[in-house]
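Pasting structure.tsv here (TSV, C-alpha atoms and all ligand atoms):
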chain	number	residue	atom	x	y	z
A	1	MET	CA	0.00	0.00	0.00
A	2	ASN	CA	1.26	3.46	-0.81
A	3	ILE	CA	-1.62	5.87	-0.33
A	4	LEU	CA	-4.30	5.44	2.29
A	5	VAL	CA	-7.35	7.72	2.40
A	6	ILE	CA	-9.16	7.77	5.72
A	7	VAL	CA	-12.73	8.62	4.77
A	8	GLU	CA	-14.89	10.31	7.38
A	9	GLN	CA	-18.03	9.13	9.06
A	10	ARG	CA	-19.67	10.32	12.23
A	11	GLU	CA	-22.38	8.30	13.98
A	12	GLY	CA	-22.64	6.16	10.86
A	13	LYS	CA	-23.19	9.12	8.54
A	14	PHE	CA	-20.67	9.38	5.68
A	15	ASN	CA	-19.13	12.81	5.20
A	16	ARG	CA	-19.29	13.48	1.45
A	17	VAL	CA	-16.25	15.77	1.61
A	18	SER	CA	-14.33	12.47	1.70
A	19	TRP	CA	-15.05	12.13	-2.04
A	20	GLU	CA	-12.94	15.25	-2.59
A	21	THR	CA	-10.02	13.66	-0.73
A	22	LEU	CA	-10.44	10.52	-2.80
A	23	THR	CA	-10.40	12.56	-6.03
A	24	GLY	CA	-7.11	14.18	-4.92
A	25	ALA	CA	-5.73	10.78	-3.93
A	26	GLN	CA	-6.68	9.28	-7.31
A	27	ALA	CA	-4.80	12.11	-9.04
A	28	ILE	CA	-1.68	11.46	-6.92
A	29	ALA	CA	-1.98	7.71	-7.53
A	30	ALA	CA	-2.22	8.31	-11.29
A	31	GLU	CA	0.87	10.54	-11.23
A	32	THR	CA	3.03	8.36	-8.99
A	33	GLY	CA	1.78	4.90	-9.87
A	34	TRP	CA	1.27	4.22	-6.17
A	35	THR	CA	-1.51	1.93	-5.01
A	36	LEU	CA	-4.52	3.65	-3.51
A	37	GLU	CA	-6.44	2.14	-0.62
A	38	ALA	CA	-9.05	3.57	1.75
A	39	ALA	CA	-10.16	2.99	5.32
A	40	VAL	CA	-13.28	3.81	7.28
A	41	VAL	CA	-13.13	3.83	11.07
A	42	GLY	CA	-16.20	3.20	13.24
A	43	SER	CA	-18.72	0.67	14.48
A	44	GLY	CA	-21.09	-0.98	12.01
A	45	VAL	CA	-19.81	1.11	9.09
A	46	GLY	CA	-19.51	-1.73	6.57
A	47	GLU	CA	-22.09	-0.08	4.33
A	48	ILE	CA	-19.87	3.00	4.01
A	49	ALA	CA	-16.83	0.79	3.29
A	50	ARG	CA	-18.79	-0.91	0.49
A	51	GLU	CA	-19.85	2.44	-0.97
A	52	VAL	CA	-16.21	3.57	-1.05
A	53	ALA	CA	-15.21	0.22	-2.59
A	54	GLY	CA	-17.30	1.19	-5.63
A	55	LYS	CA	-14.72	3.88	-6.44
A	56	LYS	CA	-11.36	3.39	-8.15
A	57	VAL	CA	-9.40	2.04	-5.16
A	58	ALA	CA	-7.46	-1.20	-4.75
A	59	LYS	CA	-8.98	-2.12	-1.37
A	60	VAL	CA	-11.04	-0.74	1.51
A	61	TYR	CA	-10.43	-1.47	5.17
A	62	ASP	CA	-13.36	-1.38	7.58
A	63	LEU	CA	-11.75	-0.71	10.96
A	64	GLU	CA	-14.35	-1.80	13.51
A	65	SER	CA	-14.82	-1.63	17.26
A	66	PRO	CA	-17.87	-0.94	19.46
A	67	LYS	CA	-15.60	1.61	21.17
A	68	LEU	CA	-15.59	3.59	17.92
A	69	ALA	CA	-19.38	4.00	17.86
A	70	GLN	CA	-19.08	7.52	19.26
A	71	TYR	CA	-16.19	9.58	17.96
A	72	THR	CA	-13.37	10.25	20.43
A	73	PRO	CA	-9.81	11.21	19.48
A	74	ASP	CA	-8.44	8.60	21.90
A	75	ALA	CA	-10.36	5.71	20.32
A	76	PHE	CA	-9.54	6.81	16.76
A	77	VAL	CA	-5.83	7.06	17.50
A	78	ALA	CA	-5.83	3.78	19.46
A	79	ALA	CA	-7.42	2.07	16.44
A	80	LEU	CA	-5.37	3.73	13.71
A	81	GLN	CA	-1.90	3.77	15.27
A	82	PRO	CA	-1.29	-0.03	15.20
A	83	PHE	CA	-3.13	-0.32	11.89
A	84	LEU	CA	-0.85	2.24	10.19
A	85	ALA	CA	2.25	0.81	11.88
A	86	GLU	CA	1.37	-2.55	10.31
A	87	LYS	CA	0.25	-1.36	6.85
A	88	LYS	CA	3.01	1.24	6.47
A	89	PRO	CA	1.39	3.53	3.87
A	90	ARG	CA	3.63	6.25	2.42
A	91	LEU	CA	0.89	8.83	2.44
A	92	VAL	CA	-2.19	9.12	4.65
A	93	LEU	CA	-4.76	11.54	3.21
A	94	MET	CA	-7.77	12.92	5.06
A	95	PRO	CA	-10.34	15.70	4.56
A	96	HIS	CA	-9.60	18.82	6.63
A	97	THR	CA	-12.75	18.53	8.76
A	98	TYR	CA	-13.27	19.43	12.42
A	99	GLN	CA	-13.10	15.74	13.34
A	100	VAL	CA	-9.85	15.15	11.45
A	101	ARG	CA	-8.32	18.32	12.88
A	102	ASP	CA	-9.15	16.92	16.29
A	103	PHE	CA	-7.41	13.54	15.98
A	104	ALA	CA	-4.88	13.86	13.11
A	105	PRO	CA	-2.17	15.80	15.01
A	106	LYS	CA	-2.40	13.30	17.88
A	107	LEU	CA	-2.16	10.39	15.44
A	108	ALA	CA	0.84	11.84	13.56
A	109	THR	CA	2.57	12.65	16.85
A	110	ALA	CA	1.88	9.16	18.23
A	111	LEU	CA	3.74	7.74	15.23
A	112	GLY	CA	6.43	10.45	15.38
A	113	ARG	CA	5.56	11.66	11.89
A	114	ALA	CA	4.80	14.99	10.20
A	115	LEU	CA	1.42	16.34	9.12
A	116	ILE	CA	0.82	18.95	6.42
A	117	SER	CA	-2.63	20.41	6.96
A	118	ASP	CA	-4.99	22.60	4.94
A	119	VAL	CA	-3.57	21.50	1.59
A	120	ILE	CA	-5.21	22.91	-1.54
A	121	GLY	CA	-3.15	21.17	-4.23
A	122	CYS	CA	-0.38	18.68	-4.92
A	123	ARG	CA	2.17	18.15	-7.68
A	124	LYS	CA	5.18	15.97	-8.32
A	125	GLN	CA	8.62	17.56	-8.70
A	126	GLY	CA	11.24	14.96	-9.52
A	127	GLU	CA	10.80	12.29	-6.88
A	128	ARG	CA	9.21	14.67	-4.40
A	129	LEU	CA	5.56	15.46	-3.83
A	130	LEU	CA	4.90	19.14	-3.21
A	131	PHE	CA	1.81	20.11	-1.28
A	132	THR	CA	0.42	23.63	-1.63
A	133	ARG	CA	-1.08	25.37	1.38
A	134	GLN	CA	-2.16	28.94	1.92
A	135	MET	CA	-0.49	31.11	4.50
A	136	PHE	CA	-1.22	34.48	6.09
A	137	GLN	CA	-4.97	34.42	5.34
A	138	GLY	CA	-4.38	33.41	1.72
A	139	LYS	CA	-1.86	36.15	0.94
A	140	PHE	CA	0.78	33.55	0.08
A	141	ALA	CA	0.69	29.98	-1.14
A	142	ALA	CA	3.61	27.82	-0.04
A	143	ASP	CA	4.76	24.52	-1.55
A	144	VAL	CA	5.71	22.16	1.26
A	145	SER	CA	7.33	18.73	1.07
A	146	PHE	CA	7.97	16.09	3.69
A	147	ALA	CA	11.30	15.29	5.31
A	148	GLY	CA	11.76	12.14	7.35
A	149	ASP	CA	10.24	8.71	7.18
A	150	PRO	CA	6.71	7.89	6.07
A	151	PRO	CA	3.84	7.61	6.74
A	152	HIS	CA	3.31	11.25	5.86
A	153	PHE	CA	0.01	12.80	6.88
A	154	VAL	CA	-1.91	15.30	4.75
A	155	THR	CA	-5.30	16.95	5.17
A	156	PHE	CA	-7.05	18.44	2.13
A	157	GLN	CA	-9.00	21.68	2.50
A	158	THR	CA	-12.67	21.57	1.49
A	159	GLY	CA	-13.04	22.57	-2.15
A	160	ALA	CA	-9.44	21.70	-3.09
A	161	PHE	CA	-10.69	18.85	-5.30
A	162	ARG	CA	-14.05	18.13	-6.92
A	163	GLY	CA	-15.94	15.38	-5.12
A	164	ASP	CA	-18.17	14.84	-8.15
A	165	GLN	CA	-15.09	13.92	-10.19
A	166	VAL	CA	-14.14	10.90	-8.08
A	167	GLU	CA	-13.58	7.97	-10.44
A	168	ALA	CA	-15.66	4.83	-10.09
A	169	GLY	CA	-13.90	1.47	-10.20
A	170	ALA	CA	-14.33	-1.04	-13.01
A	171	SER	CA	-15.57	-3.45	-10.35
A	172	ALA	CA	-16.07	-3.23	-6.59
A	173	ALA	CA	-12.81	-3.33	-4.62
A	174	PRO	CA	-12.45	-5.92	-1.84
A	175	VAL	CA	-13.45	-4.83	1.67
A	176	GLU	CA	-11.46	-6.23	4.59
A	177	THR	CA	-12.89	-5.94	8.07
A	178	VAL	CA	-10.25	-5.30	10.72
A	179	ASN	CA	-11.24	-5.63	14.37
A	180	ALA	CA	-9.52	-2.83	16.23
A	181	GLU	CA	-8.27	-3.74	19.71
A	182	ILE	CA	-8.80	-0.68	21.87
A	183	PRO	CA	-7.85	-1.06	25.54
A	184	ASP	CA	-10.16	0.68	28.04
A	185	SER	CA	-7.11	2.45	29.44
A	186	ALA	CA	-6.68	4.29	26.11
A	187	LEU	CA	-10.04	6.04	26.47
A	188	ARG	CA	-9.93	9.11	28.66
A	189	ASN	CA	-13.02	10.99	27.55
A	190	ARG	CA	-16.68	10.11	27.31
A	191	PRO	CA	-18.61	12.26	24.84
A	192	GLY	CA	-21.81	13.96	25.88
A	193	GLU	CA	-24.71	14.65	23.60
A	194	VAL	CA	-23.78	15.91	20.15
A	195	PHE	CA	-24.36	19.62	19.74
A	196	LYS	CA	-27.07	20.25	17.17
A	197	GLU	CA	-27.01	23.43	15.15
A	198	ALA	CA	-30.11	25.59	15.29
A	199	LYS	CA	-32.28	25.40	12.20
A	200	GLN	CA	-31.23	27.99	9.66
A	201	ALA	CA	-33.56	30.96	9.57
A	202	VAL	CA	-32.50	32.20	6.12
A	203	ASP	CA	-31.89	29.88	3.24
A	204	LEU	CA	-29.28	31.74	1.22
A	205	THR	CA	-28.93	28.77	-1.12
A	206	GLN	CA	-32.12	29.94	-2.84
A	207	ALA	CA	-31.03	33.59	-3.23
A	208	GLU	CA	-30.41	34.85	-6.77
A	209	ILE	CA	-28.41	37.90	-5.69
A	210	ILE	CA	-26.14	38.05	-2.65
A	211	VAL	CA	-24.17	41.01	-1.34
A	212	ALA	CA	-21.51	39.66	1.01
A	213	VAL	CA	-19.53	41.83	3.32
A	214	GLY	CA	-16.13	41.22	4.90
A	215	ARG	CA	-13.79	42.82	7.36
A	216	GLY	CA	-13.12	45.63	4.89
A	217	ILE	CA	-16.41	47.14	6.10
A	218	LYS	CA	-14.45	48.17	9.23
A	219	GLU	CA	-17.30	48.82	11.68
A	220	GLU	CA	-20.69	47.36	12.51
A	221	LYS	CA	-22.46	50.63	11.74
A	222	ASN	CA	-21.19	50.46	8.12
A	223	ILE	CA	-23.04	47.18	7.44
A	224	VAL	CA	-26.02	49.33	6.55
A	225	LEU	CA	-24.21	50.34	3.35
A	226	ALA	CA	-24.05	46.72	2.18
A	227	LYS	CA	-27.67	46.25	3.24
A	228	GLN	CA	-28.68	49.22	1.10
A	229	LEU	CA	-26.90	47.72	-1.90
A	230	ALA	CA	-28.59	44.34	-1.31
A	231	GLU	CA	-31.96	46.09	-1.00
A	232	ALA	CA	-31.44	48.11	-4.19
A	233	LEU	CA	-30.66	44.90	-6.06
A	234	GLY	CA	-33.44	42.88	-4.41
A	235	GLY	CA	-30.83	40.51	-2.97
A	236	GLU	CA	-29.82	39.03	0.37
A	237	ILE	CA	-27.08	40.22	2.68
A	238	ALA	CA	-24.36	37.75	3.71
A	239	ALA	CA	-20.89	37.88	5.23
A	240	SER	CA	-17.51	36.34	5.79
A	241	ARG	CA	-16.92	34.58	9.07
A	242	PRO	CA	-15.28	37.37	11.10
A	243	ILE	CA	-18.37	39.55	10.55
A	244	CYS	CA	-20.66	36.84	11.95
A	245	ASP	CA	-18.19	35.96	14.71
A	246	SER	CA	-18.33	39.61	15.80
A	247	GLY	CA	-22.12	39.40	15.90
A	248	TRP	CA	-22.50	42.12	13.24
A	249	LEU	CA	-24.71	39.76	11.23
A	250	PRO	CA	-26.37	36.52	12.37
A	251	MET	CA	-24.48	33.23	11.96
A	252	ASP	CA	-26.90	31.97	9.33
A	253	ARG	CA	-25.66	34.74	7.01
A	254	GLN	CA	-22.13	33.31	6.95
A	255	ILE	CA	-20.81	31.98	3.64
A	256	GLY	CA	-18.05	29.40	3.54
A	257	SER	CA	-16.79	26.06	4.74
A	258	SER	CA	-18.32	26.53	8.16
A	259	GLY	CA	-21.31	28.50	6.84
A	260	GLN	CA	-23.64	28.19	3.89
A	261	THR	CA	-22.68	27.14	0.37
A	262	VAL	CA	-24.41	29.31	-2.19
A	263	ALA	CA	-24.66	29.55	-5.98
A	264	PRO	CA	-26.54	32.77	-6.82
A	265	LYS	CA	-26.67	34.40	-10.24
A	266	LEU	CA	-24.74	37.35	-8.81
A	267	TYR	CA	-22.39	37.43	-5.80
A	268	ILE	CA	-20.96	40.79	-4.77
A	269	ALA	CA	-18.05	40.54	-2.34
A	270	LEU	CA	-17.29	43.78	-0.51
A	271	GLY	CA	-14.01	43.95	1.42
A	272	ILE	CA	-13.58	40.17	1.49
A	273	SER	CA	-10.03	38.86	1.04
A	274	GLY	CA	-11.01	35.50	-0.47
A	275	ALA	CA	-9.64	32.95	1.99
A	276	ILE	CA	-10.17	29.39	0.76
A	277	GLN	CA	-12.73	28.78	3.53
A	278	HIS	CA	-14.82	31.61	2.10
A	279	ILE	CA	-14.25	30.72	-1.58
A	280	VAL	CA	-15.53	27.15	-1.16
A	281	GLY	CA	-18.89	28.56	-0.12
A	282	MET	CA	-19.41	30.87	-3.11
A	283	LYS	CA	-17.31	29.64	-6.02
A	284	GLY	CA	-20.40	28.10	-7.63
A	285	SER	CA	-21.85	31.62	-8.16
A	286	ARG	CA	-22.59	32.41	-11.80
A	287	ALA	CA	-21.07	35.91	-11.70
A	288	VAL	CA	-18.80	37.30	-9.00
A	289	VAL	CA	-18.11	40.99	-8.52
A	290	ALA	CA	-15.40	41.80	-5.99
A	291	VAL	CA	-14.55	45.17	-4.50
A	292	ASN	CA	-11.25	45.23	-2.61
A	293	LYS	CA	-8.61	47.88	-2.17
A	294	ASP	CA	-5.82	45.29	-2.37
A	295	ALA	CA	-5.15	44.41	-6.04
A	296	ASP	CA	-3.50	41.15	-4.92
A	297	ALA	CA	-6.43	39.93	-2.83
A	298	PRO	CA	-7.16	36.26	-3.69
A	299	ILE	CA	-10.89	37.05	-4.17
A	300	PHE	CA	-9.95	38.51	-7.59
A	301	GLU	CA	-8.90	35.03	-8.74
A	302	VAL	CA	-12.55	33.95	-8.71
A	303	ALA	CA	-14.06	37.32	-9.69
A	304	ASP	CA	-15.60	37.96	-13.10
A	305	ILE	CA	-15.47	41.70	-12.42
A	306	GLY	CA	-12.88	43.04	-10.02
A	307	VAL	CA	-12.94	46.59	-8.70
A	308	VAL	CA	-9.70	47.63	-7.02
A	309	GLY	CA	-10.82	50.41	-4.76
A	310	ASN	CA	-12.21	51.58	-1.47
A	311	LEU	CA	-15.68	50.12	-1.00
A	312	PHE	CA	-16.81	53.33	0.73
A	313	ASP	CA	-16.11	55.19	-2.52
A	314	VAL	CA	-17.49	52.49	-4.82
A	315	VAL	CA	-20.71	51.36	-3.15
A	316	PRO	CA	-22.67	54.64	-2.60
A	317	PRO	CA	-22.57	55.71	-6.30
A	318	LEU	CA	-23.32	52.12	-7.29
A	319	ILE	CA	-26.51	52.19	-5.17
A	320	GLU	CA	-27.50	55.49	-6.78
A	321	GLU	CA	-26.92	54.13	-10.30
A	322	ILE	CA	-28.96	51.00	-9.56
A	323	LYS	CA	-31.81	53.10	-8.17
A	324	LYS	CA	-31.69	55.34	-11.25
A	325	ALA	CA	-31.63	52.37	-13.62
A	326	LYS	CA	-34.60	50.81	-11.81
A	327	ALA	CA	-36.56	54.06	-11.84
A	328	GLY	CA	-35.93	54.41	-15.56
A	329	ALA	CA	-36.93	50.82	-16.33
A	401	LIG	C1	-11.75	26.09	10.23
A	401	LIG	C2	-12.03	27.43	9.63
A	401	LIG	C3	-13.26	27.65	9.06
A	401	LIG	C4	-13.53	28.88	8.48
A	401	LIG	N1	-14.75	29.06	7.91
A	401	LIG	C5	-14.99	30.22	7.28
A	401	LIG	C6	-16.22	30.43	6.61
A	401	LIG	O1	-17.12	29.58	6.59
A	401	LIG	N2	-16.40	31.60	5.98
A	401	LIG	C7	-15.45	32.59	5.95
A	401	LIG	O2	-15.69	33.65	5.35
A	401	LIG	N3	-14.29	32.43	6.60
A	401	LIG	C8	-14.04	31.26	7.27
A	401	LIG	N4	-12.87	31.13	7.94
A	401	LIG	C9	-12.00	32.31	8.09
A	401	LIG	C10	-11.13	32.58	6.89
A	401	LIG	O3	-9.94	31.84	6.96
A	401	LIG	C11	-10.78	34.07	6.81
A	401	LIG	O4	-10.15	34.45	8.01
A	401	LIG	C12	-11.98	34.97	6.57
A	401	LIG	O5	-12.74	34.52	5.47
A	401	LIG	C13	-11.49	36.39	6.31
A	401	LIG	O6	-12.58	37.24	6.28
A	401	LIG	P1	-12.51	38.61	5.50
A	401	LIG	O7	-12.16	38.34	4.07
A	401	LIG	O8	-13.78	39.33	5.78
A	401	LIG	O9	-11.37	39.40	6.27
A	401	LIG	P2	-9.86	39.71	5.88
A	401	LIG	O10	-9.13	38.51	5.48
A	401	LIG	O11	-9.32	40.54	6.98
A	401	LIG	O12	-9.99	40.61	4.57
A	401	LIG	C14	-10.50	41.91	4.54
A	401	LIG	C15	-10.30	42.42	3.13
A	401	LIG	O13	-10.90	43.68	3.01
A	401	LIG	C16	-10.06	44.49	2.20
A	401	LIG	N5	-10.35	45.88	2.57
A	401	LIG	C17	-10.03	46.53	3.71
A	401	LIG	N6	-10.56	47.77	3.69
A	401	LIG	C18	-11.21	47.91	2.53
A	401	LIG	C19	-11.94	48.95	1.93
A	401	LIG	N7	-12.13	50.14	2.55
A	401	LIG	N8	-12.48	48.76	0.70
A	401	LIG	C20	-12.31	47.59	0.05
A	401	LIG	N9	-11.62	46.55	0.57
A	401	LIG	C21	-11.09	46.70	1.79
A	401	LIG	C22	-8.65	44.07	2.52
A	401	LIG	O14	-7.79	44.37	1.44
A	401	LIG	C23	-8.84	42.56	2.72
A	401	LIG	O15	-8.60	41.85	1.52
A	401	LIG	C24	-12.57	29.90	8.51
A	401	LIG	C25	-11.34	29.67	9.09
A	401	LIG	C26	-11.07	28.46	9.64
A	401	LIG	C27	-9.71	28.22	10.25
Can the structure in the file be given as structure tokens, please?
Amino acid sequence: MNILVIVEQREGKFNRVSWETLTGAQAIAAETGWTLEAAVVGSGVGEIAREVAGKKVAKVYDLESPKLAQYTPDAFVAALQPFLAEKKPRLVLMPHTYQVRDFAPKLATALGRALISDVIGCRKQGERLLFTRQMFQGKFAADVSFAGDPPHFVTFQTGAFRGDQVEAGASAAPVETVNAEIPDSALRNRPGEVFKEAKQAVDLTQAEIIVAVGRGIKEEKNIVLAKQLAEALGGEIAASRPICDSGWLPMDRQIGSSGQTVAPKLYIALGISGAIQHIVGMKGSRAVVAVNKDADAPIFEVADIGVVGNLFDVVPPLIEEIKKAKAGA
């Protein structure tokens, strides 16, 4: 085995972002010629293992234990550490989810190995694999490679690869059930009830026009400007995460990997830098207009129309022009 993808499930529910990781892994396997295998970790998750076995992989491991029924980092590491020590994959790939971020550093450390997180791309240079990750809020992208012995751990950021492009296998791959031995002494925490998110009050996925505001808006009182633009266009107001974290707009207005994923006809981004976690939530928009005073802001990479300028200069006349155009129509 050379590449192992650990697909994600929680309480028996498959996390579809795992398909993105598998797509990335298939690309690496095609480039390197390495064998690609997958593993699912849990209790009674054979169905998920069989679903994954339908994709282009050589084999799927179903790592089972009743102690894995509820997710805990201790149980996951106790199950995976001896498994990886025995299978010796070169590369262990996982989606960059909250669950993976919880256990992956512990797992890599337990094996004395390195982890490159938040990866958005991968390419081969000579004999080395280079993994691209964003730094400083997306201002720079760095190519990082591993030093030291494998297994090397990598987590792929949401949206880095297309889950719908995962290749199916010519026939179903074999599934091997592995009974994980997890000593009681390894388990130090007992999970309480899973926190359930409140039902979303606004469904931005249905909006045709969205005006999204980021930290460039500076102060809470300025949000009204973006609201006026949204109103003039008959659209919805939305925001990047820091705006919702500050309580300037409700959480259900947040766009991105930990917010809503939207695909309106028009997405106007005001003072949003374009961090990957934001981009994944809006890149399906049909037309993107970005206003940012930094010409190098990553949001311009996904913008159809980019306005390099101060949003406080750009937005008020824009509202006036829209009002005039509407009045004339
Ligand atoms: C696990 C995780 C999940 C995350 N989930 C999300 C998510 O779901 N959604 C999300 O949005 N973020 C998310 N983030 C945060 C993300 O990484 C960024 O920090 C965030 O998107 C940045 O928000 P911003 O673009 O508003 O702010 P900044 O990055 O601070 O950018 C502000 C931008 O405004 C521009 N600007 C400043 N003043 C003006 C002006 N007067 N006129 C025009 N432009 C101006 C600046 O040039 C800059 O580009 C997540 C992060 C993590 C670690």
For this session: Please extract the residues at most 9 Å from ligand LIG 401 (chain A), counting all atoms listed in the file, and provide them as a PyMOL selection string, using the chain letters and residue numbers of this document.
Result: chain A and resi 96-98+101+136-139+213-218+239-244+254-261+269-281+290-299+307-314
For this session: Please provide as a PyMOL selection string all residues within 12 Å of segment 151-153 of chain A, with the sequence filter that same-chain residues fewer than 4 positions apart are discarded (counting only C-alpha atoms).
Result: chain A and resi 1-6+81+83-96+100-101+103-119+129+131+145-147
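Taking atom CA of Val45 of chain A and atom CA of Gly33 of chain A as endpoints, the distance between them is 29.0 Å.
You can rank A:Glu20, A:Lys56, A:Asp74, A:Asp143 by their closest distance to Thr35 of chain A using only C-alpha atoms, and at the top of that list sits A:Lys56.
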Problem set entry | Residue with smallest distance to Leu225 of chain A - pool A:Ala287, A:Ala27, A:Leu318, A:Leu63, counting only C-alpha atoms |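 Of all the options, A:Leu318 lies closest to Leu225 of chain A.
Reported to one decimal place, the separation of atom CA of Ala141 of chain A from atom CA of Trp19 of chain A is 23.8 Å.
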For this session: Quote the spacing between atom CA of Leu204 of chain A and atom CA of Glu231 of chain A in Å to one decimal place.
Result: 14.8 Å
